[in-house]
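To start, the structure under review is shown below, and the notes come after it.
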Amino acid sequence: MKRIALFALTNIAVLVVISIVVRALGLDRWIGAHGVSYTGLLVMSMVIGFSGSLFSLLISKWMAIRAYSIELIKTPANSTEQWLVQTVREQSEKAGIPMPDVGIYDSPEANAFATGRSRNNALVAVSSGLLHQMRQREVEGVLAHEVAHISNGDMVTMTLLQGVLNTFVVFFSRVIGLLVDSFLQG
């Protein structure tokens, strides 16, 4: 919660900086002269930017499972799955977080990732390539890295950063669109 509050304050500071720069350059008057409310554009950009990134966060686990055809391990079917689930369980207990879902997806590349909307609703996914190409000790390190992402709340942090970036993109794409439109209308 502290992270979100600090991030909200940071976002407000970023919007204030944008406002100062836009006003200093006279873009606010130029935007207004083209029939667009500068304040409305800034607010709309923020709403669109953050709603998109929050929606992405909320569906991230669901999308990852479908996009990668991840097989969630509900009941381990073999010794590798048993070891994988047990290792994630031990690491999540050490990190002080609830046990995330664990899944495997078919891919020749050695890869793993963590996703989910919160520490209480997360997923650790590993590729079949990772399990075949690395020794158990190496896989343990990779799993620890993914559990640390969950423990640190990195998915939420990245979502908040994405929201700020989205706000910039929406705002400046509209300004650039107005510029191109005014240039073409001569």
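Residue numbering restarts at 1 for every chain of the structure tokens, chains are lettered A, B, ... in their displayed order, and ligands are numbered from 1 as they appear.
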Would you list, as a ChimeraX atom specification, the residues of segment 4-185 of chain A that end up in helix (DSSP H, G or I) under DSSP run on this structure's backbone?
/A:4-24,27-33,38-67,79-95,128-133,136-152,154-184
So which residues touch Thr87 of chain A within 10 Å, counting only C-alpha atoms, skipping near sequence neighbours fewer than 5 positions away, as JSON, numbers by chain?
{"A": [81, 82, 92, 93, 136, 139, 140, 143, 144]}
Mind dumping the selected residues with all heavy atoms as a PDB file, in the first residue's frame?
```pdb
ATOM      1  N   GLU A  81       7.733 -32.694 -11.343  1.00  0.00           N
ATOM      2  CA  GLU A  81       6.672 -31.785 -10.908  1.00  0.00           C
ATOM      3  C   GLU A  81       6.619 -31.698  -9.386  1.00  0.00           C
ATOM      4  O   GLU A  81       6.418 -30.619  -8.827  1.00  0.00           O
ATOM      5  CB  GLU A  81       5.321 -32.227 -11.477  1.00  0.00           C
ATOM      6  CG  GLU A  81       5.191 -32.003 -12.970  1.00  0.00           C
ATOM      7  CD  GLU A  81       3.822 -32.384 -13.519  1.00  0.00           C
ATOM      8  OE1 GLU A  81       2.923 -32.781 -12.724  1.00  0.00           O
ATOM      9  OE2 GLU A  81       3.627 -32.272 -14.744  1.00  0.00           O
ATOM     10  N   GLN A  82       6.790 -32.835  -8.724  1.00  0.00           N
ATOM     11  CA  GLN A  82       6.797 -32.854  -7.252  1.00  0.00           C
ATOM     12  C   GLN A  82       7.922 -31.963  -6.722  1.00  0.00           C
ATOM     13  O   GLN A  82       7.712 -31.141  -5.831  1.00  0.00           O
ATOM     14  CB  GLN A  82       6.967 -34.288  -6.737  1.00  0.00           C
ATOM     15  CG  GLN A  82       7.041 -34.402  -5.230  1.00  0.00           C
ATOM     16  CD  GLN A  82       5.754 -33.991  -4.546  1.00  0.00           C
ATOM     17  OE1 GLN A  82       4.658 -34.245  -5.041  1.00  0.00           O
ATOM     18  NE2 GLN A  82       5.874 -33.340  -3.400  1.00  0.00           N
ATOM     19  N   SER A  92       8.720 -19.815  -1.258  1.00  0.00           N
ATOM     20  CA  SER A  92       7.678 -18.839  -0.938  1.00  0.00           C
ATOM     21  C   SER A  92       7.481 -18.734   0.577  1.00  0.00           C
ATOM     22  O   SER A  92       7.234 -17.644   1.094  1.00  0.00           O
ATOM     23  CB  SER A  92       6.370 -19.156  -1.660  1.00  0.00           C
ATOM     24  OG  SER A  92       5.903 -20.433  -1.349  1.00  0.00           O
ATOM     25  N   GLU A  93       7.622 -19.857   1.290  1.00  0.00           N
ATOM     26  CA  GLU A  93       7.549 -19.800   2.756  1.00  0.00           C
ATOM     27  C   GLU A  93       8.684 -18.949   3.314  1.00  0.00           C
ATOM     28  O   GLU A  93       8.473 -18.127   4.207  1.00  0.00           O
ATOM     29  CB  GLU A  93       7.600 -21.205   3.348  1.00  0.00           C
ATOM     30  CG  GLU A  93       6.317 -21.978   3.179  1.00  0.00           C
ATOM     31  CD  GLU A  93       6.413 -23.436   3.609  1.00  0.00           C
ATOM     32  OE1 GLU A  93       7.487 -23.870   4.115  1.00  0.00           O
ATOM     33  OE2 GLU A  93       5.415 -24.159   3.442  1.00  0.00           O
ATOM     34  N   GLN A 136      19.278 -29.066 -11.217  1.00  0.00           N
ATOM     35  CA  GLN A 136      18.310 -28.664 -10.191  1.00  0.00           C
ATOM     36  C   GLN A 136      18.767 -27.430  -9.422  1.00  0.00           C
ATOM     37  O   GLN A 136      17.964 -26.547  -9.142  1.00  0.00           O
ATOM     38  CB  GLN A 136      18.025 -29.814  -9.226  1.00  0.00           C
ATOM     39  CG  GLN A 136      17.001 -30.784  -9.758  1.00  0.00           C
ATOM     40  CD  GLN A 136      16.525 -31.770  -8.700  1.00  0.00           C
ATOM     41  OE1 GLN A 136      17.115 -31.915  -7.644  1.00  0.00           O
ATOM     42  NE2 GLN A 136      15.447 -32.467  -9.024  1.00  0.00           N
ATOM     43  N   VAL A 139      18.071 -24.435 -11.498  1.00  0.00           N
ATOM     44  CA  VAL A 139      16.626 -24.167 -11.553  1.00  0.00           C
ATOM     45  C   VAL A 139      16.168 -23.553 -10.228  1.00  0.00           C
ATOM     46  O   VAL A 139      15.343 -22.631 -10.214  1.00  0.00           O
ATOM     47  CB  VAL A 139      15.826 -25.441 -11.890  1.00  0.00           C
ATOM     48  CG1 VAL A 139      14.324 -25.169 -11.832  1.00  0.00           C
ATOM     49  CG2 VAL A 139      16.208 -25.979 -13.263  1.00  0.00           C
ATOM     50  N   GLU A 140      16.729 -24.011  -9.116  1.00  0.00           N
ATOM     51  CA  GLU A 140      16.389 -23.429  -7.812  1.00  0.00           C
ATOM     52  C   GLU A 140      16.693 -21.929  -7.795  1.00  0.00           C
ATOM     53  O   GLU A 140      15.915 -21.143  -7.257  1.00  0.00           O
ATOM     54  CB  GLU A 140      17.160 -24.122  -6.690  1.00  0.00           C
ATOM     55  CG  GLU A 140      16.642 -25.492  -6.346  1.00  0.00           C
ATOM     56  CD  GLU A 140      17.496 -26.195  -5.302  1.00  0.00           C
ATOM     57  OE1 GLU A 140      18.388 -25.553  -4.689  1.00  0.00           O
ATOM     58  OE2 GLU A 140      17.276 -27.396  -5.100  1.00  0.00           O
ATOM     59  N   LEU A 143      14.053 -20.170  -9.845  1.00  0.00           N
ATOM     60  CA  LEU A 143      12.797 -20.127  -9.092  1.00  0.00           C
ATOM     61  C   LEU A 143      12.867 -19.099  -7.968  1.00  0.00           C
ATOM     62  O   LEU A 143      11.894 -18.371  -7.723  1.00  0.00           O
ATOM     63  CB  LEU A 143      12.458 -21.507  -8.537  1.00  0.00           C
ATOM     64  CG  LEU A 143      12.140 -22.577  -9.585  1.00  0.00           C
ATOM     65  CD1 LEU A 143      11.992 -23.940  -8.924  1.00  0.00           C
ATOM     66  CD2 LEU A 143      10.891 -22.220 -10.376  1.00  0.00           C
ATOM     67  N   ALA A 144      14.016 -19.016  -7.293  1.00  0.00           N
ATOM     68  CA  ALA A 144      14.183 -18.017  -6.231  1.00  0.00           C
ATOM     69  C   ALA A 144      14.036 -16.607  -6.795  1.00  0.00           C
ATOM     70  O   ALA A 144      13.432 -15.728  -6.162  1.00  0.00           O
ATOM     71  CB  ALA A 144      15.538 -18.193  -5.551  1.00  0.00           C
TER      72      ALA A 144
END
```
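The interatomic distance for the pair atom CA of Arg137 of chain A and atom CA of Asp154 of chain A works out to 23.9 Å.
Of the residues listed (A:Gln91, A:Gln133, A:Ser56, A:Ser151), A:Ser151 shows the shortest atom-to-atom separation from Arg119 of chain A; distances use only C-alpha atoms.
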Residue with smallest distance to Leu27 of chain A - pool A:Val147, A:Met99, A:Ile176, A:Ala5, counting only C-alpha atoms:
A:Ile176
Would you give me, as a PyMOL selection string, the residues in segment 5-184 of chain A that DSSP reads as strand (DSSP E or B)?
chain A and resi 71-72+101-105+112-118+121-127
Residues from last step as file, C-alpha atoms, as a compact mmCIF listing (two decimals), in the first residue's frame:
```
# COMPACT_ATOMS: atom_id res chain seq x y z
CA GLU A 71 -0.29 -26.63 -17.52
CA LEU A 72 -0.90 -25.75 -13.89
CA ASP A 101 0.36 -21.41 -8.62
CA VAL A 102 3.08 -23.37 -10.41
CA GLY A 103 2.96 -24.36 -14.06
CA ILE A 104 5.02 -25.70 -16.93
CA TYR A 105 4.77 -24.71 -20.56
CA ALA A 112 10.70 -18.80 -16.43
CA PHE A 113 8.50 -15.94 -15.28
CA ALA A 114 6.22 -14.79 -12.49
CA THR A 115 2.98 -12.94 -12.99
CA GLY A 116 -0.29 -12.22 -11.22
CA ARG A 117 -2.18 -9.31 -9.78
CA SER A 118 -0.81 -9.64 -6.24
CA ASN A 121 -2.70 -14.42 -6.56
CA ALA A 122 0.51 -15.18 -8.44
CA LEU A 123 1.93 -17.73 -10.84
CA VAL A 124 5.44 -19.08 -11.36
CA ALA A 125 5.79 -20.67 -14.79
CA VAL A 126 8.80 -22.53 -16.14
CA SER A 127 9.49 -23.81 -19.62
```
Leaving out Arg174 of chain A and any residue of its chain fewer than 5 positions from it, which residues lie within 12 Å of it when counting only C-alpha atoms, given as a CSV table (one decimal) with all heavy atoms, in the first residue's frame?
```csv
chain,number,residue,atom,x,y,z
A,31,ILE,N,-2.9,23.9,-28.0
A,31,ILE,CA,-3.9,22.7,-27.9
A,31,ILE,C,-5.3,23.3,-27.8
A,31,ILE,O,-6.2,22.8,-28.5
A,31,ILE,CB,-3.5,21.8,-26.7
A,31,ILE,CG1,-2.2,21.1,-27.0
A,31,ILE,CG2,-4.7,20.8,-26.4
A,31,ILE,CD1,-1.7,20.3,-25.7
A,34,HIS,N,-6.9,24.5,-30.9
A,34,HIS,CA,-7.4,23.4,-31.8
A,34,HIS,C,-8.6,22.7,-31.3
A,34,HIS,O,-8.9,21.6,-31.8
A,34,HIS,CB,-6.2,22.4,-32.1
A,34,HIS,CG,-5.2,23.0,-33.0
A,34,HIS,ND1,-4.2,23.8,-32.6
A,34,HIS,CD2,-5.0,22.8,-34.3
A,34,HIS,CE1,-3.4,24.1,-33.6
A,34,HIS,NE2,-3.9,23.5,-34.7
A,36,VAL,N,-9.3,21.5,-28.3
A,36,VAL,CA,-9.1,20.4,-27.3
A,36,VAL,C,-8.8,21.1,-26.0
A,36,VAL,O,-8.0,21.9,-25.9
A,36,VAL,CB,-7.9,19.5,-27.8
A,36,VAL,CG1,-7.7,18.4,-26.7
A,36,VAL,CG2,-8.3,18.9,-29.1
A,37,SER,N,-9.5,20.6,-25.0
A,37,SER,CA,-9.2,21.1,-23.6
A,37,SER,C,-7.9,20.4,-23.1
A,37,SER,O,-7.8,19.2,-23.0
A,37,SER,CB,-10.4,20.7,-22.7
A,37,SER,OG,-10.0,20.8,-21.3
A,38,TYR,N,-7.0,21.3,-22.8
A,38,TYR,CA,-5.7,20.8,-22.3
A,38,TYR,C,-5.8,20.0,-21.0
A,38,TYR,O,-5.3,18.9,-20.9
A,38,TYR,CB,-4.7,22.0,-22.1
A,38,TYR,CG,-3.5,21.7,-21.2
A,38,TYR,CD1,-2.5,20.9,-21.7
A,38,TYR,CD2,-3.5,22.2,-19.9
A,38,TYR,CE1,-1.4,20.6,-20.9
A,38,TYR,CE2,-2.4,21.9,-19.1
A,38,TYR,CZ,-1.4,21.1,-19.6
A,38,TYR,OH,-0.3,20.8,-18.9
A,40,GLY,N,-8.5,18.6,-19.9
A,40,GLY,CA,-9.3,17.4,-20.2
A,40,GLY,C,-8.4,16.3,-20.9
A,40,GLY,O,-8.5,15.1,-20.6
A,41,LEU,N,-7.5,16.8,-21.8
A,41,LEU,CA,-6.6,15.8,-22.5
A,41,LEU,C,-5.7,15.2,-21.5
A,41,LEU,O,-5.5,14.0,-21.5
A,41,LEU,CB,-5.8,16.5,-23.5
A,41,LEU,CG,-4.8,15.7,-24.3
A,41,LEU,CD1,-5.4,14.5,-25.0
A,41,LEU,CD2,-4.0,16.6,-25.3
A,42,LEU,N,-5.2,15.9,-20.5
A,42,LEU,CA,-4.3,15.4,-19.5
A,42,LEU,C,-5.0,14.4,-18.6
A,42,LEU,O,-4.5,13.3,-18.4
A,42,LEU,CB,-3.7,16.5,-18.7
A,42,LEU,CG,-2.5,16.2,-17.9
A,42,LEU,CD1,-1.3,15.7,-18.8
A,42,LEU,CD2,-2.0,17.5,-17.1
A,44,MET,N,-7.8,12.7,-19.4
A,44,MET,CA,-8.2,11.6,-20.2
A,44,MET,C,-7.0,10.7,-20.4
A,44,MET,O,-7.1,9.4,-20.3
A,44,MET,CB,-8.8,12.0,-21.5
A,44,MET,CG,-9.1,10.9,-22.4
A,44,MET,SD,-9.2,11.3,-24.2
A,44,MET,CE,-7.5,11.5,-24.6
A,45,SER,N,-5.8,11.3,-20.7
A,45,SER,CA,-4.6,10.5,-20.9
A,45,SER,C,-4.3,9.6,-19.7
A,45,SER,O,-3.9,8.5,-19.8
A,45,SER,CB,-3.4,11.4,-21.2
A,45,SER,OG,-3.7,12.1,-22.4
A,167,THR,N,0.3,7.2,-19.9
A,167,THR,CA,-0.2,8.5,-19.9
A,167,THR,C,0.6,9.4,-20.8
A,167,THR,O,0.0,10.2,-21.6
A,167,THR,CB,-0.1,9.0,-18.4
A,167,THR,OG1,-0.9,8.2,-17.6
A,167,THR,CG2,-0.6,10.5,-18.3
A,168,PHE,N,1.9,9.3,-20.8
A,168,PHE,CA,2.7,10.1,-21.7
A,168,PHE,C,2.4,9.8,-23.1
A,168,PHE,O,2.3,10.7,-23.9
A,168,PHE,CB,4.2,9.8,-21.5
A,168,PHE,CG,4.9,10.6,-20.4
A,168,PHE,CD1,5.2,10.0,-19.2
A,168,PHE,CD2,5.1,12.0,-20.5
A,168,PHE,CE1,5.8,10.7,-18.1
A,168,PHE,CE2,5.7,12.7,-19.5
A,168,PHE,CZ,6.1,12.1,-18.3
A,169,VAL,N,2.3,8.5,-23.5
A,169,VAL,CA,2.1,8.1,-24.8
A,169,VAL,C,0.8,8.7,-25.3
A,169,VAL,O,0.7,9.2,-26.4
A,169,VAL,CB,2.2,6.6,-25.0
A,169,VAL,CG1,1.7,6.1,-26.3
A,169,VAL,CG2,3.6,6.2,-24.8
A,179,LEU,N,-0.7,18.3,-34.2
A,179,LEU,CA,0.3,18.9,-35.0
A,179,LEU,C,0.3,18.5,-36.5
A,179,LEU,O,0.3,19.3,-37.4
A,179,LEU,CB,1.7,18.6,-34.4
A,179,LEU,CG,2.9,19.3,-35.0
A,179,LEU,CD1,2.8,20.8,-34.9
A,179,LEU,CD2,4.2,18.8,-34.4
A,180,VAL,N,0.2,17.2,-36.7
A,180,VAL,CA,0.2,16.7,-38.1
A,180,VAL,C,-1.1,17.2,-38.8
A,180,VAL,O,-1.1,17.6,-39.9
A,180,VAL,CB,0.3,15.1,-38.1
A,180,VAL,CG1,-0.1,14.6,-39.5
A,180,VAL,CG2,1.6,14.7,-37.6
A,181,ASP,N,-2.2,17.1,-38.1
A,181,ASP,CA,-3.5,17.6,-38.7
A,181,ASP,C,-3.4,19.1,-39.1
A,181,ASP,O,-3.8,19.4,-40.2
A,181,ASP,CB,-4.6,17.3,-37.7
A,181,ASP,CG,-6.0,17.6,-38.3
A,181,ASP,OD1,-6.2,17.1,-39.4
A,181,ASP,OD2,-6.8,18.3,-37.6
```
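Closest approach to Leu6 of chain A from the set A:Leu160, A:Val142, A:Ile70, A:Met63 is made by A:Leu160, with distances taken over only C-alpha atoms.
Shortest atom-to-atom contact with His149 of chain A among A:Val47, A:Leu58, A:Leu84, A:Ile97: A:Ile97, counting only C-alpha atoms.
Candidate residues A:Asn152, A:Ser69, A:Asn78, A:Thr39 were compared for distance to Val16 of chain A, and the nearest is A:Thr39, using only C-alpha atoms.
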